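Below is one structure, written out as structure tokens; comments come after it.
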Amino acid sequence: EAPEGGSVAAVENTKGPVRIAFLSFQNNPFWTPVTEGAKAANDYLTKFDATVDFVDLGDELSAEAVVAGIEGALAKKYDGIVVVPIFDGTARIINEATDEGVPVFNIVAEGATESKRLAFIGQDATSAGKQIGEYIAKEMDGKGKLGVITGYFGATQHTQRMNGAVDYLKANFPDIQIVGPFENKDKAESAYSLVQDMMTANPDLSMVYVTAGGPFGAAKAVKDLNLTGKVGVVGFDHTPDNMQYLKTGEMVGLLDQAPYQQALDSSVMLYNYIVAGQEPPAKVIPVTGKLLTPDDAK
Amino acid sequence: MRSDSLKEAAVPGAVASSSPPPLVRVRGIAKSFSGNAVLHSVDLDLRAGEVVGLLGENGAGKSTLMHILSGGLQPDAGTLEMEGAPVRFGSVADGIEAGVSFVHQELSVVGALSVAENLHLGRMSRSRAGLVDFGLMEEASRALLERVGAGHIEPRREAATLRAGEQQLVEIAKAAARKPRLLILDEPTSSLTPHEVGGFFSYVREARAAGVAIIFITHRLEEAMALCDRVVVLRNGAIVSERRPAETSRQQLITDMTGKPAIYEHRPRTINGDTIALSMKGVSDGRLLAGIDLDVRKGEIFGLFGLVGAGRTELLDLIHGVHRPTAGTISLFGEGLCLRDPSEAVRAGIALVPEGRKTAGILPQHSVRDNAAISSLRRFSRGLFSDRGGDPRRMASYRQSLGIRMATDTQAISTLSGGNQQKVIFARALMAEPRLLLLDEPTHGVDVGAKADLYDIVTREAEKGLTVVIASSEVPEILALCDRVAILSKGRLAGILDRAAMTEDTILTMAFKEH
Amino acid sequence: MQTGVAYIRSLGRYREASVLAMLAAVALYLSFASDYFLEPRNLLNVGRQASVVAIVALGQALVIIARGIDLSVGSVIGLSAVVAAVLMRDTGSETIGLMAGLLTGLACGLVNGVLYTRFRINPFIATLGTLSIARGIALLMTGGIPVPFGGLAEFVGAGRIFDIPVSFLLMIVLAIVVHVFASRTVMGREIYAIGDNPKAARLAGVNLRAIRLVVFGLCGLLAGLGGLILAGNLASADPNLGMGYELDVIAAVILGGTALSGGRGSILGVVIGALLMALLNNAFVLLGISAYWQVVTKGLVIIFAVGLDGLQRRGDDD
Amino acid sequence: MQTGVAYIRSLGRYREASVLAMLAAVALYLSFASDYFLEPRNLLNVGRQASVVAIVALGQALVIIARGIDLSVGSVIGLSAVVAAVLMRDTGSETIGLMAGLLTGLACGLVNGVLYTRFRINPFIATLGTLSIARGIALLMTGGIPVPFGGLAEFVGAGRIFDIPVSFLLMIVLAIVVHVFASRTVMGREIYAIGDNPKAARLAGVNLRAIRLVVFGLCGLLAGLGGLILAGNLASADPNLGMGYELDVIAAVILGGTALSGGRGSILGVVIGALLMALLNNAFVLLGISAYWQVVTKGLVIIFAVGLDGLQRRGDDD
Ligand SMILES: Nc1ncnc2c1ncn2[C@@H]1O[C@H](COP(=O)(O)OP(=O)(O)OP(=O)(O)O)[C@@H](O)[C@H]1O
Ligand SMILES: Nc1ncnc2c1ncn2[C@@H]1O[C@H](COP(=O)(O)OP(=O)(O)OP(=O)(O)O)[C@@H](O)[C@H]1O
Ligand SMILES: [Mg+2]
Ligand SMILES: [Mg+2]
């Protein structure tokens, strides 16, 4: 039977001890459920003579850190690797590991380049953007001004989330006017200032979309400008800061990526592959995020 | 000349048992740096109300001894007493506390602060609000500057904008402000004008009258003779003589210092041919210099004299490519020079010994050897590679011929005595084997013995065909060296004198002439 | 007429003049290009946006004038905010929380000072070390999860008095205080002295160690205050707060005409530098400059702001 | 025996000695704490991971020795990679792509040099400006989307010769070349001279402008090469590649004993500094240290590495 919060059950271990490296970052609350999912996988799989070692790649997200982490895991001779590759540029090392007989399971996000990873479980950033775009269009009644704040210009995931929404809106709702995008470098304080300035230049702005870090900064600005109810913020991840403004109404939509489930399921599927050669159900296992609205928060 | 060393004929009163103990008694002070003994067992007594001149060659250990007296360095052996009681200065602050004020050989004003702030650094006055009382400080500064004969310096001026001589006066005033009991002056006059020296002398006399003990270090023997009650000569880290100025002579002091009598007179020489080495026609810099016309012959030693700010440095800078003339032409051996940078000057065969050793001369973190080599790296290179292997050999030969005193040529140049640093800069210029050598106040801080050496070298090189232009503020130096001298006054050429017409009088008269 | 020109010329002597000119030029351009720019409310927003960088830059300026550098300010911002928020949450007392936040900043600064003066570690490396350590402690204290932060801090960070942002008022008051400190107190003058010529200052009896310690301590304290304002503004103390701030802060200081080699610099210039950077971000939004051109423009403005100064000041330095 | 001790003492005179000691200590600890550390494969991984930082740091060291600083290296890494990848894609020629990448690096460096020497803009500000501009251009060229990058660059970035990573070999070769350049050539020695006392060096006939230009140009060129290696390793040229690298690179240089005030520094030290930082990251992965403790540990190691040196070298500076 599958562990709580997961959807896949482990098969019997006939191979002897199995060691899985779980490579992930830790720099903001997004990672907390990922870490917890990995821990839960470890607890669950211990009964099957398998361990899941959580390896921290540090607090600075970069492709190089991922490469160094996988190199380290290979040096330590793990039987399989779960990794958060996030960026373009990790395909080569993933292929190398696979060729050495160490299967790699990607979660959360992966680069655009095709790799020989066992499977990918996660959210497709472009469709997540589109999902938010649909919600925005509904909330805005198909017209008005939308401010866009993105994390880092040029960060693939941020760009895909942004374009997923913006392209959808441009194609289907020509009456929605886009303001921006502006870069907040994942900083809440920068989102705050950007919203202030956007409201100055566009008093008729009705919604703000923050693609990456710090949406709650935008929500706080809306609150401080006494625009609660007039301007709504949409963004990603059900972290406590963000959730708080969902309750008070500045935040009108929050999409999540089911990180806990991703971490847990990927570990178990990888284990099943290692001990029994059981392939995951698909090469790409999509996670449809849950879009929370103020109604859910009540 | 009588043999009247005070060591032999005791100073009247010095040993009289009834007299109080001297203000400072130095006994058996020794100091070495990494095994290299600089001072051996120095004994010295300093009485209140007495000016003691301290003479010695470069590197004799004068500054080192003064650092020990003021707490900046700790002796390896020996004792200090003040008024009969033993003292130990663990730091400069202890020395200041005990009433020792030290004007350092190297200028150390803080350029970013005003003159008034410099004078009060470390002890600024506060108003009742706890803020600096600039009014009070400026007033006090005016009085202090007045005392050292520098009343013309505005206390509010930023110290970085002062000339070297003015900075030196500010430092003297700063020492005076601390109401010292022992005042140490390490080559305070090296960049003062004769007029400023006068003001400084009257301050020293006034301080002496007020009962301050004063040590005065200088390489200008006339100054020592004129100002001091007693002259002490330090040689190779030991005191070799104590004399009263009235009872001795320059020659005697020079012999004490160097162990040999040095000659300070013109070295006769023949100039071969009439080739014009350097020619300037109507040169102006758009700031100060205007319409300079000069011809210097090959092998000639050509002097540039003028009062402070007359434009000598600026003229040499123009020749060296530091700045570009705004009008006129400069040519070297008939070829027009259009230099954009000193590097081009060096390539064209011009070398400069600049004014201001610390700011413009030395590379402080580099070794002596590397300091000397820097101008001639390209000359001795093999392709892109520099001839590091040959550096020690070249250095050794200049060390020998210039008499540079140091432990090894790999020590940092900043650990050398001031005069020896200057000789290294000289070695640098000569090593580049220039056709034209520019010297800007080349013997600042150089002892008489070494001066004579440098004069010999310059003369020798000129004899071999090197053309030399030397800017100097010391008339004796001009007289000792130059075949001709151009006198500058406020950026213009006041006249050119040849050997026959050169006397102290004619030179100074021209320099003071207004136009 | 003559004197007017001469006066403007004489202004050119001050290094901050060229940045001020740039600030004026951008502001002038904006006042034509955007209807909203000159609205008091927008101007006040710009002031608020500049305030944290400016406040932290005040301390940084003192450090740089004294010939040091403090790379840890960004992390100290984060750590101070976290300590304040955690203590406020756990003790329930705002006073204890805020005091603890400020003291944390001060303590970090003093640690930097001690590493420099006692252990003789180059300040660049010492503060690079504390940058990492402070960030790590903030992360450890919170497990990486932001702590809610409200009350007085929120008022300071986001509140307004007669429509004027409190943090902007605070910045002005602090700028005046630090200006007076730097230019009129004994210690202030000694800071310039040790930055310009440490050896001469020491020989004159200035206590180098004590002053360096004070300067780093002050910088830490102001960074701590910056952290409280920033977290107060967001009503949330994130352990990652202030990450990367050091570069903005140092840039504001240097833009304002302070020499990285010590001894020179004005507090007024620092404020102008911070304002210029905030104004640029404001301009991007008001003018709706397209994404990537924002990045390019920022670089160009920075270079021009200082380039003006360099061009007129020929042959000064070496 | 005596001479052995004396020899070790004499080693202490070199500033890089204490970082080397730290490197040895960490390595020794790791060889006990982890079974995998001493495996050749792991050691070579460490070498590869250090290589880009080390290569870029070689150029940065020259800049810092000449009393400059180059903050733009991170962005230049990104821009060079992007230019190379775009040109390779559009022309289909590897050679053109790679050459263009290197030339881009060189050009960025020369721009920095010209801003400094001709426009007299403080290098800190000038390179802060180009940091922004170069990143903006990289974003504009790619529309923010990474460009695939393969072929020879991938071999250089990720390939191995007899199991030894090519980029590590390249680093060793370049370190030797730069070491010889710095210590044995005319220009190398002149770089030290202008860093020590620019005015004196100039009067002694060193062409300040030319050398500064060369030094910045070299630094840009090496950053460009670093960009090619990094993008090659990842087989993808991201416009954000190298973001934030400047701090790592400068830290490696300073850790290796180069003085930020110029005139002093060794190339060997730079390599040791870069290796120490890569070793730390390797240690974190091998030992499975938690992210937050990684951050703390990193700071502590940096401080200790330099603190050892500071403690024994009392009273040197002012
Ligand atoms: N810190 C040091 N390390 C090594 N040697 C030193 C140091 N300080 C001074 N010396 C050496 O001590 C000797 C005496 O130097 P000092 O500066 O006392 O000479 P001086 O008599 O003042 O000469 P000058 O007239 O040139 O100023 C010199 O040979 C110098 O190289
Ligand atoms: N680079 C410069 N910029 C502005 N003024 C200068 C510059 N160089 C020199 N001056 C000024 O030009 C005048 C002439 O200076 P210069 O140094 O040539 O005189 P000098 O005859 O060598 O006298 P001394 O060296 O004894 O001061 C001085 O008033 C000086 O302040
Ligand atoms: Mg001396
Ligand atoms: Mg002169």
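Just remember, in the structure tokens the first chain shown is A, the second B, etc., residues are 1-based per chain, and ligands are 1-based in the order shown.
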Hey, which residues come within 8 Å of ligand 4 if we count only C-alpha atoms and all ligand atoms? Could you give them as a list in words?
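Protein and nucleic-acid residues within 8 Å of ligand 4: Val308, Gly309, Gly311, Arg312, Thr313, Glu314, Glu355, Asp440, Glu441, Ala471 and Ser472 of chain B.
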Output the selection as a PDB file, in the first residue's frame - C-alpha atoms for each residue.
```pdb
ATOM      1  CA  VAL B 308      59.740  77.282  -4.813  1.00  0.00           C
ATOM      2  CA  GLY B 309      57.020  77.023  -7.418  1.00  0.00           C
ATOM      3  CA  GLY B 311      58.355  75.725 -12.407  1.00  0.00           C
ATOM      4  CA  ARG B 312      61.455  73.563 -12.392  1.00  0.00           C
ATOM      5  CA  THR B 313      59.582  70.345 -11.732  1.00  0.00           C
ATOM      6  CA  GLU B 314      57.004  71.260 -14.315  1.00  0.00           C
ATOM      7  CA  GLU B 355      61.227  64.898  -6.657  1.00  0.00           C
ATOM      8  CA  ASP B 440      64.845  66.798  -9.703  1.00  0.00           C
ATOM      9  CA  GLU B 441      66.227  67.690  -6.288  1.00  0.00           C
ATOM     10  CA  ALA B 471      66.829  71.049 -10.850  1.00  0.00           C
ATOM     11  CA  SER B 472      68.013  72.034  -7.420  1.00  0.00           C
TER      12      SER B 472
END
```
Using only C-alpha atoms and all ligand atoms, find each protein or nucleic acid residue lying at most 9 Å from ligand 2; present the set as JSON, numbers by chain.
{"B": [161, 162, 163, 164, 165, 191, 192, 193, 287, 288, 289, 304, 305, 306, 307, 308, 309, 310, 311, 312, 313, 314, 315, 316, 317, 323, 355, 356, 440, 441, 471, 472, 473, 488, 489, 490, 491], "C": [315, 316]}
Test item: residues lying within 9 Å of ligand 3 with only C-alpha atoms and all ligand atoms, as a VMD selection string:
chain B and resid 58 to 64 66 104 to 106 186 to 187 217 417 to 419 445
Go ahead and write the residues just picked, N, CA and C atoms, as an mmCIF file, in the first residue's frame.
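Result file follows (part-v5.cif):
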```
data_model
loop_
_atom_site.group_PDB
_atom_site.id
_atom_site.type_symbol
_atom_site.label_atom_id
_atom_site.label_comp_id
_atom_site.auth_asym_id
_atom_site.auth_seq_id
_atom_site.Cartn_x
_atom_site.Cartn_y
_atom_site.Cartn_z
ATOM 1 N N ASN B 58 73.881 58.618 5.482
ATOM 2 C CA ASN B 58 72.635 57.880 5.282
ATOM 3 C C ASN B 58 72.798 56.483 5.833
ATOM 4 N N GLY B 59 71.840 56.085 6.622
ATOM 5 C CA GLY B 59 71.885 54.736 7.148
ATOM 6 C C GLY B 59 72.760 54.595 8.377
ATOM 7 N N ALA B 60 73.237 55.725 8.917
ATOM 8 C CA ALA B 60 74.072 55.655 10.113
ATOM 9 C C ALA B 60 73.239 55.196 11.307
ATOM 10 N N GLY B 61 71.942 55.397 11.247
ATOM 11 C CA GLY B 61 71.079 54.959 12.348
ATOM 12 C C GLY B 61 70.398 56.097 13.083
ATOM 13 N N LYS B 62 70.435 57.284 12.515
ATOM 14 C CA LYS B 62 69.863 58.452 13.190
ATOM 15 C C LYS B 62 68.365 58.287 13.427
ATOM 16 N N SER B 63 67.650 57.982 12.349
ATOM 17 C CA SER B 63 66.199 57.865 12.492
ATOM 18 C C SER B 63 65.838 56.712 13.419
ATOM 19 N N THR B 64 66.592 55.632 13.320
ATOM 20 C CA THR B 64 66.323 54.484 14.184
ATOM 21 C C THR B 64 66.464 54.879 15.656
ATOM 22 N N MET B 66 66.103 57.781 16.919
ATOM 23 C CA MET B 66 65.010 58.679 17.294
ATOM 24 C C MET B 66 63.712 57.901 17.514
ATOM 25 N N HIS B 104 58.753 63.545 11.854
ATOM 26 C CA HIS B 104 59.383 62.449 11.122
ATOM 27 C C HIS B 104 60.050 62.922 9.848
ATOM 28 N N GLN B 105 61.021 62.121 9.442
ATOM 29 C CA GLN B 105 61.749 62.414 8.217
ATOM 30 C C GLN B 105 60.817 62.338 7.015
ATOM 31 N N GLU B 106 59.965 61.318 7.016
ATOM 32 C CA GLU B 106 59.014 61.199 5.917
ATOM 33 C C GLU B 106 57.789 62.019 6.271
ATOM 34 N N ASP B 186 63.599 65.375 12.612
ATOM 35 C CA ASP B 186 64.386 64.522 11.709
ATOM 36 C C ASP B 186 64.350 65.121 10.308
ATOM 37 N N GLU B 187 65.409 65.753 9.928
ATOM 38 C CA GLU B 187 65.512 66.442 8.633
ATOM 39 C C GLU B 187 64.301 67.322 8.340
ATOM 40 N N ILE B 217 68.209 66.849 13.332
ATOM 41 C CA ILE B 217 68.944 66.014 12.372
ATOM 42 C C ILE B 217 68.932 66.722 11.026
ATOM 43 N N SER B 417 67.237 53.304 4.803
ATOM 44 C CA SER B 417 67.211 54.691 5.263
ATOM 45 C C SER B 417 66.906 55.574 4.052
ATOM 46 N N GLY B 418 66.350 56.761 4.367
ATOM 47 C CA GLY B 418 65.884 57.642 3.308
ATOM 48 C C GLY B 418 66.932 57.907 2.241
ATOM 49 N N GLY B 419 68.127 58.235 2.648
ATOM 50 C CA GLY B 419 69.167 58.566 1.694
ATOM 51 C C GLY B 419 69.515 57.385 0.810
ATOM 52 N N GLY B 445 67.841 64.796 1.280
ATOM 53 C CA GLY B 445 68.007 63.756 2.284
ATOM 54 C C GLY B 445 69.221 62.882 2.077
#
```
Exercise: region 169-185 of chain A partners within 9 Å, only C-alpha atoms, chain neighbours under 2 positions left out, as a PyMOL selection string
(chain A and resi 130+133-134+136-137+140+142-153+162+164-167+187-191+194+198+202+205+212-214) or (chain C and resi 284-285+288-291+294)
Write to file, as a CSV table (one decimal), in the first residue's frame, the residues of the selection just made, with N, CA and C atoms.
```csv
chain,number,residue,atom,x,y,z
A,130,LYS,N,-0.1,28.9,-18.2
A,130,LYS,CA,-1.4,29.0,-18.9
A,130,LYS,C,-2.6,28.8,-17.9
A,133,GLY,N,-3.0,31.9,-16.2
A,133,GLY,CA,-3.5,32.9,-17.2
A,133,GLY,C,-5.0,32.8,-17.3
A,134,GLU,N,-5.5,31.5,-17.4
A,134,GLU,CA,-6.9,31.3,-17.5
A,134,GLU,C,-7.6,31.9,-16.3
A,136,ILE,N,-6.6,34.3,-14.3
A,136,ILE,CA,-6.5,35.7,-14.4
A,136,ILE,C,-7.5,36.3,-15.3
A,137,ALA,N,-7.7,35.7,-16.4
A,137,ALA,CA,-8.7,36.2,-17.4
A,137,ALA,C,-10.1,36.2,-16.8
A,140,MET,N,-10.4,38.9,-14.1
A,140,MET,CA,-10.3,40.2,-14.7
A,140,MET,C,-11.5,40.5,-15.7
A,142,GLY,N,-11.7,39.4,-18.5
A,142,GLY,CA,-11.2,39.6,-19.9
A,142,GLY,C,-10.8,41.0,-20.2
A,143,LYS,N,-10.7,41.9,-19.3
A,143,LYS,CA,-10.2,43.2,-19.6
A,143,LYS,C,-9.5,43.9,-18.5
A,144,GLY,N,-8.7,44.9,-18.8
A,144,GLY,CA,-8.0,45.7,-17.7
A,144,GLY,C,-6.5,45.5,-17.8
A,145,LYS,N,-5.9,46.0,-16.8
A,145,LYS,CA,-4.4,46.0,-16.8
A,145,LYS,C,-3.8,45.0,-15.8
A,146,LEU,N,-2.8,44.2,-16.3
A,146,LEU,CA,-2.2,43.2,-15.5
A,146,LEU,C,-0.7,43.6,-15.4
A,147,GLY,N,-0.2,43.7,-14.2
A,147,GLY,CA,1.2,43.9,-14.0
A,147,GLY,C,1.9,42.6,-13.8
A,148,VAL,N,3.1,42.5,-14.5
A,148,VAL,CA,3.9,41.3,-14.4
A,148,VAL,C,5.2,41.5,-13.8
A,149,ILE,N,5.5,40.7,-12.7
A,149,ILE,CA,6.8,40.7,-12.1
A,149,ILE,C,7.4,39.4,-12.2
A,150,THR,N,8.6,39.3,-12.7
A,150,THR,CA,9.2,38.0,-12.9
A,150,THR,C,10.5,37.9,-12.0
A,151,GLY,N,10.9,36.7,-11.6
A,151,GLY,CA,12.0,36.5,-10.7
A,151,GLY,C,13.3,37.0,-11.3
A,152,TYR,N,13.9,36.2,-12.2
A,152,TYR,CA,15.1,36.7,-12.8
A,152,TYR,C,14.8,36.7,-14.3
A,153,PHE,N,15.1,37.7,-15.0
A,153,PHE,CA,15.1,37.7,-16.5
A,153,PHE,C,16.0,36.6,-16.9
A,162,MET,N,5.9,32.9,-17.0
A,162,MET,CA,5.5,34.2,-17.4
A,162,MET,C,4.9,34.1,-18.8
A,164,GLY,N,3.8,31.5,-20.4
A,164,GLY,CA,2.6,30.7,-20.5
A,164,GLY,C,1.4,31.5,-20.2
A,165,ALA,N,1.4,32.4,-19.3
A,165,ALA,CA,0.3,33.2,-19.0
A,165,ALA,C,0.1,34.3,-20.0
A,166,VAL,N,1.2,35.0,-20.3
A,166,VAL,CA,1.1,36.2,-21.1
A,166,VAL,C,0.7,35.9,-22.6
A,167,ASP,N,1.3,34.8,-23.1
A,167,ASP,CA,1.0,34.4,-24.5
A,167,ASP,C,-0.5,34.0,-24.6
A,187,LYS,N,12.9,38.8,-4.9
A,187,LYS,CA,12.9,39.6,-3.6
A,187,LYS,C,11.5,40.2,-3.3
A,188,ALA,N,11.0,39.9,-2.1
A,188,ALA,CA,9.7,40.4,-1.8
A,188,ALA,C,9.7,42.0,-1.7
A,189,GLU,N,10.8,42.5,-1.1
A,189,GLU,CA,10.9,44.0,-1.0
A,189,GLU,C,10.9,44.7,-2.3
A,190,SER,N,11.5,44.0,-3.3
A,190,SER,CA,11.5,44.6,-4.6
A,190,SER,C,10.1,44.5,-5.3
A,191,ALA,N,9.4,43.4,-5.0
A,191,ALA,CA,8.0,43.3,-5.5
A,191,ALA,C,7.2,44.4,-4.9
A,194,LEU,N,7.9,47.6,-6.7
A,194,LEU,CA,7.4,47.6,-8.1
A,194,LEU,C,5.9,47.8,-8.1
A,198,MET,N,4.1,50.7,-10.0
A,198,MET,CA,3.1,50.3,-11.0
A,198,MET,C,1.8,51.0,-10.8
A,202,ASN,N,0.0,53.4,-13.3
A,202,ASN,CA,-1.2,52.8,-13.8
A,202,ASN,C,-2.3,52.6,-12.7
A,205,LEU,N,-4.7,49.7,-12.6
A,205,LEU,CA,-4.2,48.3,-12.6
A,205,LEU,C,-5.2,47.5,-11.8
A,212,ALA,N,7.7,34.2,-9.6
A,212,ALA,CA,8.6,33.4,-8.8
A,212,ALA,C,8.6,33.9,-7.4
A,213,GLY,N,9.8,34.3,-6.8
A,213,GLY,CA,9.9,34.5,-5.4
A,213,GLY,C,9.2,35.8,-5.0
A,214,GLY,N,8.7,35.9,-3.8
A,214,GLY,CA,8.2,37.1,-3.2
A,214,GLY,C,6.9,37.7,-3.5
C,284,PHE,N,12.1,53.0,-14.6
C,284,PHE,CA,11.8,51.8,-15.5
C,284,PHE,C,10.3,51.5,-15.5
C,285,VAL,N,9.7,51.6,-14.3
C,285,VAL,CA,8.3,51.3,-14.2
C,285,VAL,C,7.4,52.4,-14.8
C,288,GLY,N,7.9,52.4,-18.4
C,288,GLY,CA,7.6,51.1,-19.0
C,288,GLY,C,8.7,50.6,-20.0
C,289,ILE,N,9.9,50.8,-19.5
C,289,ILE,CA,11.0,50.4,-20.4
C,289,ILE,C,11.0,48.9,-20.5
C,290,SER,N,11.3,48.4,-21.7
C,290,SER,CA,11.2,46.9,-22.0
C,290,SER,C,12.2,46.2,-21.2
C,291,ALA,N,11.9,45.0,-20.9
C,291,ALA,CA,12.6,44.2,-19.9
C,291,ALA,C,14.1,44.3,-19.9
C,294,GLN,N,16.1,47.5,-19.4
C,294,GLN,CA,16.2,48.0,-18.1
C,294,GLN,C,17.6,47.7,-17.6
```
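Per DSSP on the backbone, strand (DSSP E or B) in region 109-205 of chain C comprises Val147, Pro148, Arg160, Ile161, Ile164 and Pro165 of chain C.
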With only C-alpha atoms as the counted atoms, please give the residues lying no more than 7 Å from Pro146 (chain C), apart from itself and same-chain residues fewer than 5 positions off, as a list in words.
Ser236, Ala237, Asp238 and Pro239 of chain C
Could you take the residues named above and write them with all heavy atoms, as an mmCIF file, in the first residue's frame?
```cif
data_model
loop_
_atom_site.group_PDB
_atom_site.id
_atom_site.type_symbol
_atom_site.label_atom_id
_atom_site.label_comp_id
_atom_site.auth_asym_id
_atom_site.auth_seq_id
_atom_site.Cartn_x
_atom_site.Cartn_y
_atom_site.Cartn_z
ATOM 1 N N SER C 236 7.300 40.605 7.589
ATOM 2 C CA SER C 236 7.765 39.228 7.574
ATOM 3 C C SER C 236 9.293 39.237 7.585
ATOM 4 O O SER C 236 9.912 39.968 6.818
ATOM 5 C CB SER C 236 7.248 38.548 6.307
ATOM 6 O OG SER C 236 8.073 37.484 5.935
ATOM 7 N N ALA C 237 9.889 38.439 8.468
ATOM 8 C CA ALA C 237 11.348 38.386 8.539
ATOM 9 C C ALA C 237 11.825 37.113 7.865
ATOM 10 O O ALA C 237 11.707 36.030 8.410
ATOM 11 C CB ALA C 237 11.815 38.448 9.984
ATOM 12 N N ASP C 238 12.361 37.268 6.681
ATOM 13 C CA ASP C 238 12.809 36.149 5.884
ATOM 14 C C ASP C 238 14.314 35.980 6.120
ATOM 15 O O ASP C 238 15.051 36.963 6.074
ATOM 16 C CB ASP C 238 12.536 36.508 4.411
ATOM 17 C CG ASP C 238 12.888 35.396 3.448
ATOM 18 O OD1 ASP C 238 13.754 34.578 3.780
ATOM 19 O OD2 ASP C 238 12.294 35.372 2.372
ATOM 20 N N PRO C 239 14.781 34.771 6.401
ATOM 21 C CA PRO C 239 16.229 34.618 6.610
ATOM 22 C C PRO C 239 17.044 35.002 5.378
ATOM 23 O O PRO C 239 18.235 35.281 5.492
ATOM 24 C CB PRO C 239 16.392 33.136 6.940
ATOM 25 C CG PRO C 239 15.135 32.486 6.489
ATOM 26 C CD PRO C 239 14.065 33.511 6.592
#
```
Within 9 Å of chain A, which residues of chain D are there when counting only C-alpha atoms? Please give them as a ChimeraX atom specification.
/D:35-37,39,41-42,45-46,49,139,142-146,148,158,230-241,281-282,284-292,294-295
Selection: 12 Å around Val296 (chain C), only C-alpha atoms, excl. self and same-chain fewer than 6 positions, as an MDAnalysis selection string
(chainID C and resid 280 284 289:290 302:303) or (chainID D and resid 75 128:140)
Leu169 (chain C): which residues within 10 Å, counting only C-alpha atoms, same-chain residues fewer than 3 positions away excluded, as a list in words?
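Residues meeting the cut-off are Gly47, Arg48, Ser51, Val156, Arg160, Ile161, Ile164, Pro165, Val166, Ile172, Val173, Leu174 and Ala175 of chain C.
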List as a list in words the protein and nucleic acid residues near Arg88 (chain B), meaning an atom at most 8 Å away when only C-alpha atoms are counted, but skip any in the same chain fewer than 5 places from it.
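Once the adjacent positions are removed, what remains is Gly71, Thr79 and Leu80 of chain B.
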Got time to write the residues from that selection, all heavy atoms, as an mmCIF file, in the first residue's frame?
```cif
data_model
loop_
_atom_site.group_PDB
_atom_site.id
_atom_site.type_symbol
_atom_site.label_atom_id
_atom_site.label_comp_id
_atom_site.auth_asym_id
_atom_site.auth_seq_id
_atom_site.Cartn_x
_atom_site.Cartn_y
_atom_site.Cartn_z
ATOM 1 N N GLY B 71 59.570 55.930 21.337
ATOM 2 C CA GLY B 71 58.664 54.819 21.634
ATOM 3 C C GLY B 71 58.176 54.072 20.407
ATOM 4 O O GLY B 71 57.421 53.113 20.529
ATOM 5 N N THR B 79 69.224 51.506 28.113
ATOM 6 C CA THR B 79 68.204 52.103 28.977
ATOM 7 C C THR B 79 67.990 53.565 28.620
ATOM 8 O O THR B 79 68.860 54.217 28.054
ATOM 9 C CB THR B 79 68.630 52.053 30.452
ATOM 10 O OG1 THR B 79 69.897 52.726 30.562
ATOM 11 C CG2 THR B 79 68.728 50.626 30.948
ATOM 12 N N LEU B 80 66.799 54.049 28.960
ATOM 13 C CA LEU B 80 66.475 55.467 28.843
ATOM 14 C C LEU B 80 66.144 55.979 30.240
ATOM 15 O O LEU B 80 65.495 55.275 31.014
ATOM 16 C CB LEU B 80 65.239 55.674 27.952
ATOM 17 C CG LEU B 80 65.310 55.285 26.493
ATOM 18 C CD1 LEU B 80 63.994 55.628 25.806
ATOM 19 C CD2 LEU B 80 66.452 56.037 25.820
#
```
According to DSSP computed on the backbone, where in region 106-181 of chain C is there alpha helix (DSSP H)? Give the residues as a PyMOL selection string.
chain C and resi 106-117+123-142+152-158+166-181
When distances are computed from only C-alpha atoms, which of D:Leu268, D:Ile194, D:Leu222, D:Val306 shows the smallest separation from Ala66 (chain D)?
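Checking each candidate against Ala66 (chain D), we get D:Ile194 as the closest.
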Residues of chain B within 8 Å of chain C, counting only C-alpha atoms - could you list those as a VMD selection string?
chain B and resid 92 to 93 96 108 to 113 117 121 to 122 124 to 126 130 to 132
